[in-house]
Amino acid sequence: MSRQEIAAATGLSFATVANLVAELLEAGVLLESGHEESKGGRPRAQLAVNAQRGALVGIDVAETSVRVELFDLALTALRSVSLPLPQAGVSPEEVIATIAAGVEALMDDTNSPPPILGAGVCVPGLVEREGGVSVFSPYWSWRDVPVRSLLAERLPMPLYLDNPLKASAVAEMWFGAGREVENLLVVTLRSGVGVGIAVDGALYRGATNSAGEWGHTCLVPGGRECRCGRLGCVEAYVSTRGIVETVRELDERSPLLDPEEATVVSSVARAWTEGNPVAVETVTRTARYLGLASADLLNLFNPQTLVLGGWVADCLGEPLLRQTREVIAERALPATLQALTLQLSNVPGQPVTLGAATFALEGFLNDRATFGAVAAGRRAARAAKGRTS
Ligand SMILES: [Zn+2]
């Protein structure tokens with residue numbers, strides 16, 4: 001788009017846009033991609049992100065695997081690799097080694113690897129961003145693991161640590177439903193469950209970056225045991241593990257059951273289309289749990305849009321959405337419902353790795369070093385001008 005179009009879209013003055021664009025051009029982040037005729041005036045330069053300027057890495061550490069994805073500077077996905085993690089009691093060293101192996105595999109895949117400008121790393125649970133520390137991960141009972149400094153010994157690039165709920169919300173804000181609205185909730189349903197929150201167009205993190213741990217709010221007093229050690233958490237009902245539990249409650253010998261929790265969810269989705277009674281009832285109960293828990297969220301936040309994402313939503317899709325909507329309609333307050341759009345995630349690709357790469361891009365753009373040469377060049381130019389005048 002042209003500078004004029006950017007000014008119109010952002011509400012910034014043309015002069016401000018021109019200054020910022022000049023810096024971004026000089027830093028190689030943008031390039032002029034052509035010219036567009038304008039009525040009566042000079043042709044307008046068309047600007048584009050310089051995708052070849054460097055690469056960004058998005059890393060999603062999930063319970064059973066690590067996914068590493070390489071993006072260009074325009075955040076187009078280039079290549080990805082998924083590596084399995086050992087089944088139980090995974091140590092930080094094993095996760096660090098797996099991440100490093102994933103990044104190396106992607107780099108080995110090409111003859112001339114692009115310079116990597118940064119990597120975003122998402123680990124489940126509570127994360128302290130500034131220090132790059134995994135404060136608590138319920139999956140592996142990690143406490144205060146300095147993930148970023150451990151990784152820095154293996155990966156020579158700027159590293160940004162966060163959690164998958166925040167990454168999913170940012171992916172939705174940049175590439176999905178969040179492009180259209182300012183107040184957004186992004187529910188992630190997979191091994192872990194939680195919500196990413198955007199308020200007035202900005203990601204809401206809370207005092208210690210732990211906002212959104214909705215998976216561990218109580219849905220059923222005295223209910224199912226949750227991994228966090230408490231009883232009746234939302235996560236114990238609507239995560240992949242929760243769905244396995246629901247199938248087991250309905251029929252403990254169901255052929256839908258499988259050692260892999262993720263496989264059970266995709267089997268339920270397939271069996272639902274064939275009218276399998278256990279699958280049909282599992283989806284109905286899951287929607288009931290999800291609708292009740294979501295109605296509370298909606299009454300609290302009054303968002304314009306609630307997005308359902310993650311493996312469970314990807315597999316169960318429309319049937320889950322439709323039935324959840326019915327439960328929400330019974331439970332949420334009328335004023336809350338009036339403003340609400342409920343939808344499945346439409347982010348292209350994998351939201352967590354995309355969001356993680358977005359954190360790396362934000363880091364790169366916020367890094368003074370990116371524009372250090374530009375600023376130094378301007379100072380030198382000003383000084384030279386001062387001497388001649
Ligand atoms: Zn819990």
# chains A, B, ... in the order shown; residues from 1 in each chain; ligands from 1
$ select_by_dssp --residues "range 55-170 of chain A" --states "strand (DSSP E)" --output "VMD selection string"
chain A and resid 55 to 61 65 to 72 77 to 84 116 to 122 126 to 128 133 to 137 142 to 145 159 to 162
$ write_last_selection --atoms "C-alpha atoms" --output "short mmCIF file (atom, residue, chain, number, x, y, z; two decimals), in the first residue's frame"
data_model
loop_
_atom_site.label_atom_id
_atom_site.label_comp_id
_atom_site.auth_asym_id
_atom_site.auth_seq_id
_atom_site.Cartn_x
_atom_site.Cartn_y
_atom_site.Cartn_z
CA ALA A 55 13.52 -15.02 9.11
CA LEU A 56 11.56 -15.45 12.33
CA VAL A 57 11.01 -18.66 14.26
CA GLY A 58 7.86 -19.64 16.15
CA ILE A 59 8.11 -22.47 18.68
CA ASP A 60 5.17 -24.22 20.34
CA VAL A 61 6.13 -26.49 23.22
CA SER A 65 5.59 -32.53 21.06
CA VAL A 66 7.52 -29.45 20.02
CA ARG A 67 6.56 -27.68 16.80
CA VAL A 68 9.10 -25.33 15.24
CA GLU A 69 8.06 -23.17 12.29
CA LEU A 70 10.10 -20.80 10.14
CA PHE A 71 8.54 -17.58 8.79
CA ASP A 72 9.76 -14.81 6.54
CA ALA A 77 5.10 -19.73 6.95
CA LEU A 78 8.02 -21.32 5.09
CA ARG A 79 8.76 -24.67 6.74
CA SER A 80 7.95 -26.50 9.94
CA VAL A 81 8.97 -29.56 11.89
CA SER A 82 7.29 -31.40 14.78
CA LEU A 83 9.39 -33.45 17.17
CA PRO A 84 7.91 -35.75 19.84
CA ILE A 116 17.23 -15.36 11.92
CA LEU A 117 16.09 -12.12 13.53
CA GLY A 118 14.46 -13.73 16.53
CA ALA A 119 12.54 -16.69 17.90
CA GLY A 120 9.36 -16.71 19.98
CA VAL A 121 9.03 -19.66 22.33
CA CYS A 122 5.73 -20.66 23.93
CA LEU A 126 2.86 -19.40 33.87
CA VAL A 127 5.67 -17.50 32.21
CA GLU A 128 7.66 -14.52 33.41
CA VAL A 133 11.41 -17.98 33.09
CA SER A 134 8.82 -20.76 33.11
CA VAL A 135 7.44 -20.03 36.58
CA PHE A 136 5.13 -23.01 36.72
CA SER A 137 4.16 -25.68 34.20
CA TRP A 142 8.38 -27.37 36.48
CA ARG A 143 9.00 -24.47 38.80
CA ASP A 144 11.19 -21.46 37.99
CA VAL A 145 12.98 -22.98 34.99
CA LEU A 159 14.60 -15.16 22.23
CA TYR A 160 11.14 -14.19 23.48
CA LEU A 161 9.38 -16.46 25.97
CA ASP A 162 5.61 -16.46 26.45
#
$ residues_around --residues "Leu308 in chain A" --least-positions-apart "4" --cutoff "8 Å" --atoms "only C-alpha atoms" --output "PyMOL selection string"
chain A and resi 186-189+313+321+342-345
$ write_last_selection --atoms "N, CA and C atoms" --output "short mmCIF file (atom, residue, chain, number, x, y, z; two decimals), in the first residue's frame"
data_model
loop_
_atom_site.label_atom_id
_atom_site.label_comp_id
_atom_site.auth_asym_id
_atom_site.auth_seq_id
_atom_site.Cartn_x
_atom_site.Cartn_y
_atom_site.Cartn_z
N VAL A 186 -10.06 -15.32 23.09
CA VAL A 186 -9.65 -16.45 22.27
C VAL A 186 -9.45 -17.66 23.20
N VAL A 187 -10.42 -18.57 23.15
CA VAL A 187 -10.36 -19.75 24.00
C VAL A 187 -9.53 -20.83 23.30
N THR A 188 -8.54 -21.34 23.99
CA THR A 188 -7.72 -22.43 23.46
C THR A 188 -8.10 -23.73 24.15
N LEU A 189 -8.45 -24.72 23.34
CA LEU A 189 -8.88 -26.02 23.87
C LEU A 189 -7.95 -27.08 23.31
N ALA A 313 -11.34 -27.72 19.22
CA ALA A 313 -12.23 -26.93 18.35
C ALA A 313 -11.97 -27.26 16.88
N LEU A 321 -19.50 -25.85 18.11
CA LEU A 321 -19.82 -24.42 18.09
C LEU A 321 -21.33 -24.20 18.25
N LEU A 342 -19.85 -15.47 18.12
CA LEU A 342 -19.12 -16.66 18.56
C LEU A 342 -18.66 -17.40 17.32
N GLN A 343 -17.38 -17.69 17.22
CA GLN A 343 -16.90 -18.33 15.99
C GLN A 343 -15.69 -19.22 16.23
N LEU A 344 -15.40 -20.06 15.25
CA LEU A 344 -14.18 -20.86 15.28
C LEU A 344 -13.03 -20.00 14.78
N SER A 345 -11.81 -20.35 15.19
CA SER A 345 -10.65 -19.59 14.74
C SER A 345 -10.49 -19.71 13.22
#
$ residues_near_ligand --ligand "ligand 1" --cutoff "6 Å" --atoms "only C-alpha atoms and all ligand atoms" --output "PyMOL selection string"
chain A and resi 216+226-228+230+233
$ closest_residue --among "A:Gly28, A:Gly176, A:Pro277, A:Pro156" --to "Asn346 in chain A" --atoms "only C-alpha atoms"
A:Gly176
$ residues_around --residues "Ala236 in chain A" --least-positions-apart "2" --cutoff "8 Å" --atoms "only C-alpha atoms" --output "VMD selection string"
chain A and resid 224 to 227 232 to 234 238 to 239 241 to 242
$ write_last_selection --atoms "N, CA and C atoms" --output "PDB file, in the first residue's frame"
ATOM      1  N   ARG A 224     -14.193 -33.685  38.724  1.00  0.00           N
ATOM      2  CA  ARG A 224     -13.030 -34.458  38.278  1.00  0.00           C
ATOM      3  C   ARG A 224     -11.717 -33.873  38.792  1.00  0.00           C
ATOM      4  N   GLU A 225     -10.769 -34.758  39.011  1.00  0.00           N
ATOM      5  CA  GLU A 225      -9.454 -34.297  39.445  1.00  0.00           C
ATOM      6  C   GLU A 225      -8.732 -33.675  38.252  1.00  0.00           C
ATOM      7  N   CYS A 226      -8.145 -32.499  38.480  1.00  0.00           N
ATOM      8  CA  CYS A 226      -7.409 -31.800  37.426  1.00  0.00           C
ATOM      9  C   CYS A 226      -5.919 -32.012  37.644  1.00  0.00           C
ATOM     10  N   ARG A 227      -5.158 -31.801  36.573  1.00  0.00           N
ATOM     11  CA  ARG A 227      -3.709 -31.949  36.673  1.00  0.00           C
ATOM     12  C   ARG A 227      -3.083 -30.991  37.668  1.00  0.00           C
ATOM     13  N   GLY A 232     -12.508 -30.364  39.789  1.00  0.00           N
ATOM     14  CA  GLY A 232     -13.608 -29.746  39.049  1.00  0.00           C
ATOM     15  C   GLY A 232     -13.237 -28.582  38.149  1.00  0.00           C
ATOM     16  N   CYS A 233     -11.935 -28.450  37.782  1.00  0.00           N
ATOM     17  CA  CYS A 233     -11.515 -27.347  36.899  1.00  0.00           C
ATOM     18  C   CYS A 233     -12.130 -27.494  35.504  1.00  0.00           C
ATOM     19  N   VAL A 234     -12.305 -26.362  34.830  1.00  0.00           N
ATOM     20  CA  VAL A 234     -12.797 -26.339  33.447  1.00  0.00           C
ATOM     21  C   VAL A 234     -11.956 -27.280  32.567  1.00  0.00           C
ATOM     22  N   VAL A 238     -13.005 -29.969  29.316  1.00  0.00           N
ATOM     23  CA  VAL A 238     -13.027 -29.574  27.896  1.00  0.00           C
ATOM     24  C   VAL A 238     -11.659 -29.648  27.209  1.00  0.00           C
ATOM     25  N   SER A 239     -10.639 -30.143  27.910  1.00  0.00           N
ATOM     26  CA  SER A 239      -9.339 -30.393  27.267  1.00  0.00           C
ATOM     27  C   SER A 239      -9.417 -31.729  26.532  1.00  0.00           C
ATOM     28  N   ARG A 241      -7.836 -34.327  27.360  1.00  0.00           N
ATOM     29  CA  ARG A 241      -7.948 -35.314  28.434  1.00  0.00           C
ATOM     30  C   ARG A 241      -9.372 -35.360  28.992  1.00  0.00           C
ATOM     31  N   GLY A 242     -10.015 -34.181  29.090  1.00  0.00           N
ATOM     32  CA  GLY A 242     -11.390 -34.114  29.586  1.00  0.00           C
ATOM     33  C   GLY A 242     -12.342 -34.880  28.676  1.00  0.00           C
TER      34      GLY A 242
END
$ closest_residue --among "A:Gln350, A:Arg325, A:Leu365, A:Phe371" --to "Ala167 in chain A" --atoms "only C-alpha atoms"
A:Gln350
$ closest_residue --among "A:Arg3, A:Arg285, A:Arg190, A:Arg368" --to "Ser266 in chain A" --atoms "only C-alpha atoms"
A:Arg190
$ select_by_dssp --residues "range 162-219 of chain A" --states "alpha helix (DSSP H)" --output "NGL selection string"
:A and (164-175)
$ atom_distance --atom1 "CA of Glu213 in chain A" --atom2 "CA of Val193 in chain A"
7.7 Å
$ residues_around --residues "Asp367 in chain A" --least-positions-apart "5" --cutoff "12 Å" --atoms "only C-alpha atoms" --output "ChimeraX atom specification"
/A:27,117-118,158,360-362,372-373
$ write_last_selection --atoms "N, CA and C atoms" --output "PDB file, in the first residue's frame"
ATOM      1  N   ALA A  27      16.134   0.675   7.285  1.00  0.00           N
ATOM      2  CA  ALA A  27      16.476  -0.536   8.041  1.00  0.00           C
ATOM      3  C   ALA A  27      16.213  -1.795   7.227  1.00  0.00           C
ATOM      4  N   LEU A 117      16.168 -13.380  12.791  1.00  0.00           N
ATOM      5  CA  LEU A 117      16.087 -12.116  13.532  1.00  0.00           C
ATOM      6  C   LEU A 117      15.559 -12.316  14.934  1.00  0.00           C
ATOM      7  N   GLY A 118      14.956 -13.471  15.195  1.00  0.00           N
ATOM      8  CA  GLY A 118      14.455 -13.735  16.534  1.00  0.00           C
ATOM      9  C   GLY A 118      13.581 -14.962  16.544  1.00  0.00           C
ATOM     10  N   PRO A 158      17.953 -13.515  19.271  1.00  0.00           N
ATOM     11  CA  PRO A 158      17.088 -12.979  20.327  1.00  0.00           C
ATOM     12  C   PRO A 158      15.918 -13.933  20.582  1.00  0.00           C
ATOM     13  N   ALA A 360       8.380 -12.403  18.173  1.00  0.00           N
ATOM     14  CA  ALA A 360       9.758 -12.188  17.724  1.00  0.00           C
ATOM     15  C   ALA A 360       9.844 -10.974  16.796  1.00  0.00           C
ATOM     16  N   LEU A 361       8.829 -10.808  15.942  1.00  0.00           N
ATOM     17  CA  LEU A 361       8.803  -9.639  15.045  1.00  0.00           C
ATOM     18  C   LEU A 361       8.660  -8.348  15.856  1.00  0.00           C
ATOM     19  N   GLU A 362       7.763  -8.369  16.841  1.00  0.00           N
ATOM     20  CA  GLU A 362       7.612  -7.182  17.701  1.00  0.00           C
ATOM     21  C   GLU A 362       8.930  -6.865  18.402  1.00  0.00           C
ATOM     22  N   GLY A 372      19.485   1.135  14.892  1.00  0.00           N
ATOM     23  CA  GLY A 372      20.679   1.805  15.402  1.00  0.00           C
ATOM     24  C   GLY A 372      21.485   2.431  14.277  1.00  0.00           C
ATOM     25  N   ALA A 373      21.683   1.667  13.198  1.00  0.00           N
ATOM     26  CA  ALA A 373      22.478   2.175  12.070  1.00  0.00           C
ATOM     27  C   ALA A 373      21.777   3.373  11.443  1.00  0.00           C
TER      28      ALA A 373
END
$ residues_around --residues "range 11-22 of chain A" --least-positions-apart "2" --cutoff "12 Å" --atoms "only C-alpha atoms" --output "list in words"
Met1, Ser2, Arg3, Gln4, Glu5, Ile6, Ala7, Ala8, Ala9, Leu24, Leu25, Glu26, Ala27, Gly28, Val29, Leu30, Leu31, Glu32, Ala45, Gln46, Leu47, Ala48, Val49, Leu365, Phe371, Val374, Ala375 and Arg378 of chain A
$ atom_distance --atom1 "CA of Leu298 in chain A" --atom2 "CA of Pro334 in chain A"
10.7 Å
$ closest_residue --among "A:Gly54, A:Gly215, A:Gly309, A:Pro92" --to "Ala177 in chain A" --atoms "only C-alpha atoms"
A:Gly309
$ atom_distance --atom1 "CA of Asn50 in chain A" --atom2 "CA of Gly178 in chain A"
24.2 Å
$ residues_around --residues "range 149-153 of chain A" --least-positions-apart "2" --cutoff "8 Å" --atoms "only C-alpha atoms" --output "VMD selection string"
chain A and resid 96 100 132 146 to 147 155 to 157 159
$ residues_around --residues "Tyr289 in chain A" --least-positions-apart "2" --cutoff "9 Å" --atoms "only C-alpha atoms" --output "list in words"
Leu219, Val234, Tyr237, Val238, Thr284, Arg285, Thr286, Ala287, Gly291, Leu292, Ala293, Ser294, Thr324 and Val327 of chain A
$ decode --residues "range 231-264 of chain A" --atoms "N, CA and C atoms" --output "PDB file, in the first residue's frame"
ATOM      1  N   LEU A 231      -9.954 -29.889  42.224  1.00  0.00           N
ATOM      2  CA  LEU A 231     -11.073 -30.677  41.718  1.00  0.00           C
ATOM      3  C   LEU A 231     -12.024 -29.812  40.893  1.00  0.00           C
ATOM      4  N   GLY A 232     -12.508 -30.364  39.789  1.00  0.00           N
ATOM      5  CA  GLY A 232     -13.608 -29.746  39.049  1.00  0.00           C
ATOM      6  C   GLY A 232     -13.237 -28.582  38.149  1.00  0.00           C
ATOM      7  N   CYS A 233     -11.935 -28.450  37.782  1.00  0.00           N
ATOM      8  CA  CYS A 233     -11.515 -27.347  36.899  1.00  0.00           C
ATOM      9  C   CYS A 233     -12.130 -27.494  35.504  1.00  0.00           C
ATOM     10  N   VAL A 234     -12.305 -26.362  34.830  1.00  0.00           N
ATOM     11  CA  VAL A 234     -12.797 -26.339  33.447  1.00  0.00           C
ATOM     12  C   VAL A 234     -11.956 -27.280  32.567  1.00  0.00           C
ATOM     13  N   GLU A 235     -10.631 -27.204  32.741  1.00  0.00           N
ATOM     14  CA  GLU A 235      -9.722 -28.010  31.912  1.00  0.00           C
ATOM     15  C   GLU A 235      -9.996 -29.517  32.021  1.00  0.00           C
ATOM     16  N   ALA A 236     -10.446 -29.957  33.191  1.00  0.00           N
ATOM     17  CA  ALA A 236     -10.702 -31.389  33.394  1.00  0.00           C
ATOM     18  C   ALA A 236     -11.897 -31.873  32.570  1.00  0.00           C
ATOM     19  N   TYR A 237     -12.631 -30.946  31.942  1.00  0.00           N
ATOM     20  CA  TYR A 237     -13.831 -31.306  31.177  1.00  0.00           C
ATOM     21  C   TYR A 237     -13.725 -31.020  29.677  1.00  0.00           C
ATOM     22  N   VAL A 238     -13.005 -29.969  29.316  1.00  0.00           N
ATOM     23  CA  VAL A 238     -13.027 -29.574  27.896  1.00  0.00           C
ATOM     24  C   VAL A 238     -11.659 -29.648  27.209  1.00  0.00           C
ATOM     25  N   SER A 239     -10.639 -30.143  27.910  1.00  0.00           N
ATOM     26  CA  SER A 239      -9.339 -30.393  27.267  1.00  0.00           C
ATOM     27  C   SER A 239      -9.417 -31.729  26.532  1.00  0.00           C
ATOM     28  N   THR A 240      -8.361 -32.083  25.786  1.00  0.00           N
ATOM     29  CA  THR A 240      -8.326 -33.409  25.151  1.00  0.00           C
ATOM     30  C   THR A 240      -8.510 -34.490  26.214  1.00  0.00           C
ATOM     31  N   ARG A 241      -7.836 -34.327  27.360  1.00  0.00           N
ATOM     32  CA  ARG A 241      -7.948 -35.314  28.434  1.00  0.00           C
ATOM     33  C   ARG A 241      -9.372 -35.360  28.992  1.00  0.00           C
ATOM     34  N   GLY A 242     -10.015 -34.181  29.090  1.00  0.00           N
ATOM     35  CA  GLY A 242     -11.390 -34.114  29.586  1.00  0.00           C
ATOM     36  C   GLY A 242     -12.342 -34.880  28.676  1.00  0.00           C
ATOM     37  N   ILE A 243     -12.096 -34.786  27.379  1.00  0.00           N
ATOM     38  CA  ILE A 243     -12.968 -35.483  26.416  1.00  0.00           C
ATOM     39  C   ILE A 243     -12.760 -36.996  26.503  1.00  0.00           C
ATOM     40  N   VAL A 244     -11.506 -37.411  26.691  1.00  0.00           N
ATOM     41  CA  VAL A 244     -11.236 -38.836  26.906  1.00  0.00           C
ATOM     42  C   VAL A 244     -12.033 -39.320  28.120  1.00  0.00           C
ATOM     43  N   GLU A 245     -12.022 -38.510  29.172  1.00  0.00           N
ATOM     44  CA  GLU A 245     -12.714 -38.858  30.418  1.00  0.00           C
ATOM     45  C   GLU A 245     -14.227 -38.971  30.187  1.00  0.00           C
ATOM     46  N   THR A 246     -14.772 -38.059  29.393  1.00  0.00           N
ATOM     47  CA  THR A 246     -16.212 -38.090  29.097  1.00  0.00           C
ATOM     48  C   THR A 246     -16.573 -39.364  28.322  1.00  0.00           C
ATOM     49  N   VAL A 247     -15.748 -39.709  27.325  1.00  0.00           N
ATOM     50  CA  VAL A 247     -15.983 -40.954  26.564  1.00  0.00           C
ATOM     51  C   VAL A 247     -15.944 -42.140  27.519  1.00  0.00           C
ATOM     52  N   ARG A 248     -14.960 -42.137  28.412  1.00  0.00           N
ATOM     53  CA  ARG A 248     -14.794 -43.266  29.344  1.00  0.00           C
ATOM     54  C   ARG A 248     -15.988 -43.361  30.291  1.00  0.00           C
ATOM     55  N   GLU A 249     -16.495 -42.219  30.733  1.00  0.00           N
ATOM     56  CA  GLU A 249     -17.677 -42.234  31.611  1.00  0.00           C
ATOM     57  C   GLU A 249     -18.884 -42.848  30.898  1.00  0.00           C
ATOM     58  N   LEU A 250     -18.983 -42.576  29.584  1.00  0.00           N
ATOM     59  CA  LEU A 250     -20.134 -43.077  28.822  1.00  0.00           C
ATOM     60  C   LEU A 250     -19.982 -44.570  28.504  1.00  0.00           C
ATOM     61  N   ASP A 251     -18.750 -44.988  28.181  1.00  0.00           N
ATOM     62  CA  ASP A 251     -18.516 -46.395  27.836  1.00  0.00           C
ATOM     63  C   ASP A 251     -17.029 -46.675  27.991  1.00  0.00           C
ATOM     64  N   GLU A 252     -16.680 -47.347  29.072  1.00  0.00           N
ATOM     65  CA  GLU A 252     -15.246 -47.517  29.338  1.00  0.00           C
ATOM     66  C   GLU A 252     -14.578 -48.494  28.369  1.00  0.00           C
ATOM     67  N   ARG A 253     -15.386 -49.177  27.550  1.00  0.00           N
ATOM     68  CA  ARG A 253     -14.799 -50.064  26.531  1.00  0.00           C
ATOM     69  C   ARG A 253     -14.988 -49.502  25.117  1.00  0.00           C
ATOM     70  N   SER A 254     -15.310 -48.238  25.033  1.00  0.00           N
ATOM     71  CA  SER A 254     -15.572 -47.643  23.718  1.00  0.00           C
ATOM     72  C   SER A 254     -14.366 -47.796  22.785  1.00  0.00           C
ATOM     73  N   PRO A 255     -14.596 -48.235  21.542  1.00  0.00           N
ATOM     74  CA  PRO A 255     -13.484 -48.312  20.573  1.00  0.00           C
ATOM     75  C   PRO A 255     -12.914 -46.932  20.228  1.00  0.00           C
ATOM     76  N   LEU A 256     -13.586 -45.873  20.658  1.00  0.00           N
ATOM     77  CA  LEU A 256     -13.049 -44.524  20.422  1.00  0.00           C
ATOM     78  C   LEU A 256     -11.833 -44.254  21.298  1.00  0.00           C
ATOM     79  N   LEU A 257     -11.712 -45.002  22.396  1.00  0.00           N
ATOM     80  CA  LEU A 257     -10.599 -44.763  23.319  1.00  0.00           C
ATOM     81  C   LEU A 257      -9.283 -45.229  22.694  1.00  0.00           C
ATOM     82  N   ASP A 258      -8.221 -44.470  22.999  1.00  0.00           N
ATOM     83  CA  ASP A 258      -6.900 -44.720  22.411  1.00  0.00           C
ATOM     84  C   ASP A 258      -5.880 -44.151  23.390  1.00  0.00           C
ATOM     85  N   PRO A 259      -4.678 -44.741  23.435  1.00  0.00           N
ATOM     86  CA  PRO A 259      -3.660 -44.174  24.344  1.00  0.00           C
ATOM     87  C   PRO A 259      -3.341 -42.706  24.035  1.00  0.00           C
ATOM     88  N   GLU A 260      -3.475 -42.296  22.777  1.00  0.00           N
ATOM     89  CA  GLU A 260      -3.215 -40.892  22.414  1.00  0.00           C
ATOM     90  C   GLU A 260      -4.496 -40.076  22.603  1.00  0.00           C
ATOM     91  N   GLU A 261      -4.445 -39.103  23.512  1.00  0.00           N
ATOM     92  CA  GLU A 261      -5.644 -38.294  23.779  1.00  0.00           C
ATOM     93  C   GLU A 261      -6.121 -37.558  22.518  1.00  0.00           C
ATOM     94  N   ALA A 262      -5.168 -37.019  21.762  1.00  0.00           N
ATOM     95  CA  ALA A 262      -5.539 -36.250  20.565  1.00  0.00           C
ATOM     96  C   ALA A 262      -6.287 -37.127  19.563  1.00  0.00           C
ATOM     97  N   THR A 263      -5.884 -38.403  19.477  1.00  0.00           N
ATOM     98  CA  THR A 263      -6.538 -39.336  18.555  1.00  0.00           C
ATOM     99  C   THR A 263      -7.984 -39.590  18.970  1.00  0.00           C
ATOM    100  N   VAL A 264      -8.236 -39.647  20.277  1.00  0.00           N
ATOM    101  CA  VAL A 264      -9.607 -39.865  20.760  1.00  0.00           C
ATOM    102  C   VAL A 264     -10.509 -38.729  20.264  1.00  0.00           C
TER     103      VAL A 264
END
